[in-house]
>>> print(open('coords.pdb').read())   # PDB, C-alpha atoms and all ligand atoms
MODEL        1
ATOM      1  CA  MET A  26       4.774 -29.594  -9.961  1.00  0.00           C
ATOM      2  CA  MET A  27       5.961 -29.206  -6.370  1.00  0.00           C
ATOM      3  CA  THR A  28       9.255 -30.911  -7.124  1.00  0.00           C
ATOM      4  CA  ASP A  29      10.009 -28.921 -10.268  1.00  0.00           C
ATOM      5  CA  ASN A  30      10.022 -25.186  -9.753  1.00  0.00           C
ATOM      6  CA  ILE A  31      12.233 -22.233 -10.521  1.00  0.00           C
ATOM      7  CA  PHE A  32      13.966 -22.236  -7.116  1.00  0.00           C
ATOM      8  CA  LEU A  33      14.940 -25.884  -7.476  1.00  0.00           C
ATOM      9  CA  LYS A  34      16.476 -25.008 -10.827  1.00  0.00           C
ATOM     10  CA  ILE A  35      18.429 -22.195  -9.142  1.00  0.00           C
ATOM     11  CA  LEU A  36      19.503 -24.585  -6.352  1.00  0.00           C
ATOM     12  CA  ASN A  37      20.689 -27.089  -8.930  1.00  0.00           C
ATOM     13  CA  LYS A  38      22.490 -24.352 -10.890  1.00  0.00           C
ATOM     14  CA  GLN A  39      20.321 -25.029 -13.927  1.00  0.00           C
ATOM     15  CA  LEU A  40      19.212 -21.405 -13.822  1.00  0.00           C
ATOM     16  CA  PRO A  41      21.504 -18.459 -13.029  1.00  0.00           C
ATOM     17  CA  ALA A  42      20.942 -16.198 -10.048  1.00  0.00           C
ATOM     18  CA  LYS A  43      22.944 -13.493  -8.315  1.00  0.00           C
ATOM     19  CA  ILE A  44      24.064 -15.468  -5.278  1.00  0.00           C
ATOM     20  CA  ALA A  45      24.494 -13.530  -2.030  1.00  0.00           C
ATOM     21  CA  TYR A  46      25.382 -16.461   0.240  1.00  0.00           C
ATOM     22  CA  GLU A  47      25.384 -20.242   0.271  1.00  0.00           C
ATOM     23  CA  ASP A  48      26.205 -23.108   2.582  1.00  0.00           C
ATOM     24  CA  ASP A  49      25.301 -26.753   2.996  1.00  0.00           C
ATOM     25  CA  ARG A  50      21.777 -25.962   4.182  1.00  0.00           C
ATOM     26  CA  CYS A  51      20.671 -22.912   2.236  1.00  0.00           C
ATOM     27  CA  LEU A  52      21.129 -20.569  -0.675  1.00  0.00           C
ATOM     28  CA  ALA A  53      20.487 -16.807  -0.764  1.00  0.00           C
ATOM     29  CA  PHE A  54      20.134 -14.854  -3.991  1.00  0.00           C
ATOM     30  CA  HIS A  55      18.891 -11.457  -5.142  1.00  0.00           C
ATOM     31  CA  ASP A  56      15.249 -11.293  -6.218  1.00  0.00           C
ATOM     32  CA  ILE A  57      14.808 -10.842  -9.972  1.00  0.00           C
ATOM     33  CA  LYS A  58      12.115  -8.215  -9.364  1.00  0.00           C
ATOM     34  CA  PRO A  59      13.298  -6.374  -6.254  1.00  0.00           C
ATOM     35  CA  GLN A  60      10.668  -4.631  -4.126  1.00  0.00           C
ATOM     36  CA  ALA A  61      13.297  -2.656  -2.189  1.00  0.00           C
ATOM     37  CA  PRO A  62      16.938  -1.613  -2.754  1.00  0.00           C
ATOM     38  CA  VAL A  63      17.904  -4.838  -0.983  1.00  0.00           C
ATOM     39  CA  HIS A  64      15.656  -7.820  -1.736  1.00  0.00           C
ATOM     40  CA  VAL A  65      17.223 -11.207  -1.161  1.00  0.00           C
ATOM     41  CA  LEU A  66      15.539 -14.611  -1.042  1.00  0.00           C
ATOM     42  CA  ILE A  67      16.862 -17.185   1.410  1.00  0.00           C
ATOM     43  CA  ILE A  68      15.851 -20.747   0.624  1.00  0.00           C
ATOM     44  CA  PRO A  69      16.595 -24.114   2.225  1.00  0.00           C
ATOM     45  CA  ARG A  70      18.218 -26.799   0.086  1.00  0.00           C
ATOM     46  CA  LYS A  71      15.663 -29.163   1.571  1.00  0.00           C
ATOM     47  CA  VAL A  72      12.443 -29.281  -0.430  1.00  0.00           C
ATOM     48  CA  ILE A  73       9.701 -27.710   1.714  1.00  0.00           C
ATOM     49  CA  ALA A  74       6.781 -26.341  -0.284  1.00  0.00           C
ATOM     50  CA  THR A  75       5.310 -23.849   2.174  1.00  0.00           C
ATOM     51  CA  HIS A  76       5.757 -22.492   5.684  1.00  0.00           C
ATOM     52  CA  ASP A  77       2.842 -24.697   6.655  1.00  0.00           C
ATOM     53  CA  ASP A  78       4.771 -27.817   5.657  1.00  0.00           C
ATOM     54  CA  LEU A  79       7.466 -27.231   8.285  1.00  0.00           C
ATOM     55  CA  THR A  80       7.852 -30.013  10.851  1.00  0.00           C
ATOM     56  CA  GLU A  81       9.688 -30.420  14.165  1.00  0.00           C
ATOM     57  CA  GLU A  82      12.627 -31.783  12.227  1.00  0.00           C
ATOM     58  CA  ASP A  83      13.010 -28.353  10.561  1.00  0.00           C
ATOM     59  CA  ARG A  84      13.339 -26.429  13.848  1.00  0.00           C
ATOM     60  CA  GLU A  85      17.089 -25.941  13.551  1.00  0.00           C
ATOM     61  CA  LEU A  86      16.921 -25.213   9.821  1.00  0.00           C
ATOM     62  CA  VAL A  87      14.398 -22.398  10.316  1.00  0.00           C
ATOM     63  CA  GLY A  88      16.653 -20.825  12.934  1.00  0.00           C
ATOM     64  CA  HIS A  89      19.558 -21.094  10.541  1.00  0.00           C
ATOM     65  CA  LEU A  90      17.634 -19.352   7.740  1.00  0.00           C
ATOM     66  CA  HIS A  91      16.854 -16.452  10.086  1.00  0.00           C
ATOM     67  CA  LEU A  92      20.448 -16.171  11.266  1.00  0.00           C
ATOM     68  CA  VAL A  93      21.557 -16.047   7.630  1.00  0.00           C
ATOM     69  CA  ALA A  94      18.989 -13.284   7.011  1.00  0.00           C
ATOM     70  CA  ALA A  95      20.413 -11.243   9.915  1.00  0.00           C
ATOM     71  CA  LYS A  96      23.975 -11.804   8.718  1.00  0.00           C
ATOM     72  CA  LEU A  97      23.070 -10.737   5.174  1.00  0.00           C
ATOM     73  CA  ALA A  98      21.229  -7.656   6.468  1.00  0.00           C
ATOM     74  CA  LYS A  99      24.495  -6.557   8.100  1.00  0.00           C
ATOM     75  CA  GLN A 100      26.604  -7.435   5.076  1.00  0.00           C
ATOM     76  CA  LEU A 101      24.276  -5.624   2.688  1.00  0.00           C
ATOM     77  CA  GLY A 102      24.100  -2.559   4.931  1.00  0.00           C
ATOM     78  CA  VAL A 103      20.435  -2.603   5.934  1.00  0.00           C
ATOM     79  CA  SER A 104      20.608  -3.755   9.548  1.00  0.00           C
ATOM     80  CA  GLU A 105      19.245  -0.397  10.754  1.00  0.00           C
ATOM     81  CA  GLY A 106      15.832  -1.546   9.540  1.00  0.00           C
ATOM     82  CA  TYR A 107      14.733  -4.479   7.456  1.00  0.00           C
ATOM     83  CA  ARG A 108      11.916  -6.948   7.102  1.00  0.00           C
ATOM     84  CA  VAL A 109      11.925 -10.739   6.848  1.00  0.00           C
ATOM     85  CA  VAL A 110       8.763 -12.067   5.215  1.00  0.00           C
ATOM     86  CA  VAL A 111       7.392 -15.486   4.354  1.00  0.00           C
ATOM     87  CA  ASN A 112       4.347 -15.613   2.115  1.00  0.00           C
ATOM     88  CA  CYS A 113       2.460 -18.836   2.797  1.00  0.00           C
ATOM     89  CA  ARG A 114       0.296 -20.104  -0.042  1.00  0.00           C
ATOM     90  CA  GLU A 115      -1.336 -18.257  -2.904  1.00  0.00           C
ATOM     91  CA  ARG A 116      -3.712 -16.205  -0.818  1.00  0.00           C
ATOM     92  CA  ALA A 117      -0.747 -14.571   0.897  1.00  0.00           C
ATOM     93  CA  GLY A 118       1.098 -14.037  -2.373  1.00  0.00           C
ATOM     94  CA  GLN A 119       3.277 -17.157  -2.550  1.00  0.00           C
ATOM     95  CA  THR A 120       4.088 -17.825  -6.197  1.00  0.00           C
ATOM     96  CA  VAL A 121       6.940 -20.334  -5.933  1.00  0.00           C
ATOM     97  CA  PRO A 122       6.207 -23.571  -4.024  1.00  0.00           C
ATOM     98  CA  HIS A 123       9.570 -23.781  -2.260  1.00  0.00           C
ATOM     99  CA  LEU A 124       9.862 -22.150   1.186  1.00  0.00           C
ATOM    100  CA  HIS A 125      11.676 -18.801   1.034  1.00  0.00           C
ATOM    101  CA  LEU A 126      12.404 -15.900   3.340  1.00  0.00           C
ATOM    102  CA  HIS A 127      12.295 -12.471   1.731  1.00  0.00           C
ATOM    103  CA  LEU A 128      14.872 -10.064   3.203  1.00  0.00           C
ATOM    104  CA  LEU A 129      13.818  -6.514   2.327  1.00  0.00           C
ATOM    105  CA  GLY A 130      15.602  -3.308   3.259  1.00  0.00           C
ATOM    106  CA  GLY A 131      17.191  -0.084   2.134  1.00  0.00           C
ATOM    107  CA  ARG A 132      14.025   2.020   2.263  1.00  0.00           C
ATOM    108  CA  ASP A 133      11.254   2.849   4.737  1.00  0.00           C
ATOM    109  CA  LEU A 134       8.814  -0.062   4.852  1.00  0.00           C
ATOM    110  CA  ALA A 135       5.156   0.662   5.494  1.00  0.00           C
ATOM    111  CA  TRP A 136       2.951  -1.250   7.902  1.00  0.00           C
ATOM    112  CA  PRO A 137       0.469  -2.900   7.565  1.00  0.00           C
ATOM    113  CA  PRO A 138       1.624  -4.637   4.391  1.00  0.00           C
ATOM    114  CA  GLY A 139      -0.802  -5.036   1.505  1.00  0.00           C
TER     115      GLY A 139
HETATM  116  P1  LIG A 201       6.680 -15.272  -3.420  1.00  0.00           P
HETATM  117  O1  LIG A 201       5.755 -14.401  -4.201  1.00  0.00           O
HETATM  118  O2  LIG A 201       6.492 -16.732  -3.756  1.00  0.00           O
HETATM  119  O3  LIG A 201       6.672 -15.023  -1.944  1.00  0.00           O
HETATM  120  O4  LIG A 201       8.129 -14.866  -3.882  1.00  0.00           O
HETATM  121  C1  LIG A 201       8.716 -15.328  -5.044  1.00  0.00           C
HETATM  122  C2  LIG A 201       9.777 -14.330  -5.434  1.00  0.00           C
HETATM  123  O5  LIG A 201      10.634 -14.944  -6.362  1.00  0.00           O
HETATM  124  C3  LIG A 201       9.240 -13.061  -6.095  1.00  0.00           C
HETATM  125  O6  LIG A 201       9.650 -11.927  -5.351  1.00  0.00           O
HETATM  126  C4  LIG A 201       9.862 -13.101  -7.492  1.00  0.00           C
HETATM  127  O7  LIG A 201      10.220 -11.834  -7.971  1.00  0.00           O
HETATM  128  C5  LIG A 201      11.062 -14.005  -7.292  1.00  0.00           C
HETATM  129  N1  LIG A 201      11.455 -14.747  -8.485  1.00  0.00           N
HETATM  130  C6  LIG A 201      10.622 -15.440  -9.324  1.00  0.00           C
HETATM  131  N2  LIG A 201      11.331 -16.030 -10.294  1.00  0.00           N
HETATM  132  C7  LIG A 201      12.632 -15.708 -10.067  1.00  0.00           C
HETATM  133  C8  LIG A 201      13.854 -16.037 -10.749  1.00  0.00           C
HETATM  134  O8  LIG A 201      13.865 -16.739 -11.761  1.00  0.00           O
HETATM  135  N3  LIG A 201      14.998 -15.539 -10.242  1.00  0.00           N
HETATM  136  C9  LIG A 201      15.009 -14.759  -9.108  1.00  0.00           C
HETATM  137  N4  LIG A 201      16.204 -14.326  -8.682  1.00  0.00           N
HETATM  138  N5  LIG A 201      13.893 -14.437  -8.448  1.00  0.00           N
HETATM  139  C10 LIG A 201      12.713 -14.910  -8.907  1.00  0.00           C
ENDMDL
END
>>> encode(input="coords.pdb", output="structure tokens")
Amino acid sequence: MMTDNIFLKILNKQLPAKIAYEDDRCLAFHDIKPQAPVHVLIIPRKVIATHDDLTEEDRELVGHLHLVAAKLAKQLGVSEGYRVVVNCRERAGQTVPHLHLHLLGGRDLAWPPG
């Protein structure tokens, strides 16, 4: 169900995660199956299922999530080169229906992605 997924459980501290950063609007934690030496997920506390469900009211929030990603990239030592990715819906690889930014870094990243 859209309102009951693993990221909501992490947000509600019902499931443990290695937290990298948190504030009143978002939570960032290390991915359980990292695809790079640094792989952090940044999620809003607000329930938004996919990137496509964003509305005008989320404008500021989206900016905030990106600023947190940039701050974490510096803190985690990957600001020389990193990638911020959002997979939108199953066809693009989204597996958890709660909006999340992937912050990936610490190795060379190929382009185009798969
Ligand atoms: P998506 O494929 O939806 O873009 O990304 C979901 C990400 O969540 C995947 O990279 C996956 O490894 C990660 N993930 C799934 N379940 C858990 C979990 O229970 N804990 C953590 N820390 N990451 C998870």
>>> residues_around(input="coords.pdb", residues="Ile35 of chain A", least_positions_apart="2", cutoff="12 Å", atoms="all atoms listed in the file", output="number ranges by chain")
A: 29-33, 37-44, 47, 51-57, 66-70, 123
>>> closest_residue(input="coords.pdb", among="A:Ala74, A:Cys113, A:Val121, A:Ala45", to="Val93 of chain A", atoms="all atoms listed in the file")
A:Ala45
>>> axis_aligned_box(input="coords.pdb", around="ligand LIG 201 (chain A)", padding_each_side="3 Å", output="lines of an AutoDock Vina configuration file")
center_x = 11.0
center_y = -14.3
center_z = -6.9
size_x = 16.4
size_y = 10.9
size_z = 15.8
>>> closest_residue(input="coords.pdb", among="A:Leu126, A:Leu90, A:Ala98, A:Val72", to="ligand LIG 201 (chain A)", atoms="only C-alpha atoms and all ligand atoms")
A:Leu126
>>> resolve_selection(input="coords.pdb", expression="the PyMOL selection byres (((chain A and resi 62) around 12) and not hetatm)", output="short mmCIF file (atom, residue, chain, number, x, y, z; two decimals) with C-alpha atoms, in the frame of the given file")
data_model
loop_
_atom_site.label_atom_id
_atom_site.label_comp_id
_atom_site.auth_asym_id
_atom_site.auth_seq_id
_atom_site.Cartn_x
_atom_site.Cartn_y
_atom_site.Cartn_z
CA HIS A 55 18.89 -11.46 -5.14
CA ASP A 56 15.25 -11.29 -6.22
CA ILE A 57 14.81 -10.84 -9.97
CA LYS A 58 12.12 -8.22 -9.36
CA PRO A 59 13.30 -6.37 -6.25
CA GLN A 60 10.67 -4.63 -4.13
CA ALA A 61 13.30 -2.66 -2.19
CA VAL A 63 17.90 -4.84 -0.98
CA HIS A 64 15.66 -7.82 -1.74
CA VAL A 65 17.22 -11.21 -1.16
CA ALA A 98 21.23 -7.66 6.47
CA LEU A 101 24.28 -5.62 2.69
CA GLY A 102 24.10 -2.56 4.93
CA VAL A 103 20.43 -2.60 5.93
CA TYR A 107 14.73 -4.48 7.46
CA LEU A 128 14.87 -10.06 3.20
CA LEU A 129 13.82 -6.51 2.33
CA GLY A 130 15.60 -3.31 3.26
CA GLY A 131 17.19 -0.08 2.13
CA ARG A 132 14.02 2.02 2.26
CA ASP A 133 11.25 2.85 4.74
CA LEU A 134 8.81 -0.06 4.85
#
>>> atom_distance(input="coords.pdb", atom1="atom CA of Asn112 of chain A", atom2="atom CA of Leu79 of chain A")
13.5 Å
>>> closest_residue(input="coords.pdb", among="A:Val111, A:Lys99, A:Asp77, A:Ala135", to="ligand LIG 201 (chain A)", atoms="all atoms listed in the file")
A:Val111
>>> closest_residue(input="coords.pdb", among="A:His127, A:His89, A:Lys96, A:His76", to="Glu115 of chain A", atoms="only C-alpha atoms")
A:His76
>>> atom_distance(input="coords.pdb", atom1="atom CA of Leu92 of chain A", atom2="atom CA of Arg108 of chain A")
13.2 Å
>>> closest_residue(input="coords.pdb", among="A:His91, A:Thr80, A:Pro137, A:Gln119", to="ligand LIG 201 (chain A)", atoms="all atoms listed in the file")
A:Gln119
>>> atom_distance(input="coords.pdb", atom1="atom C4 of ligand LIG 201 (chain A)", atom2="atom CA of Asp49 of chain A")
23.1 Å
>>> closest_residue(input="coords.pdb", among="A:Ala94, A:Thr120, A:Leu36, A:Arg84", to="ligand LIG 201 (chain A)", atoms="all atoms listed in the file")
A:Thr120
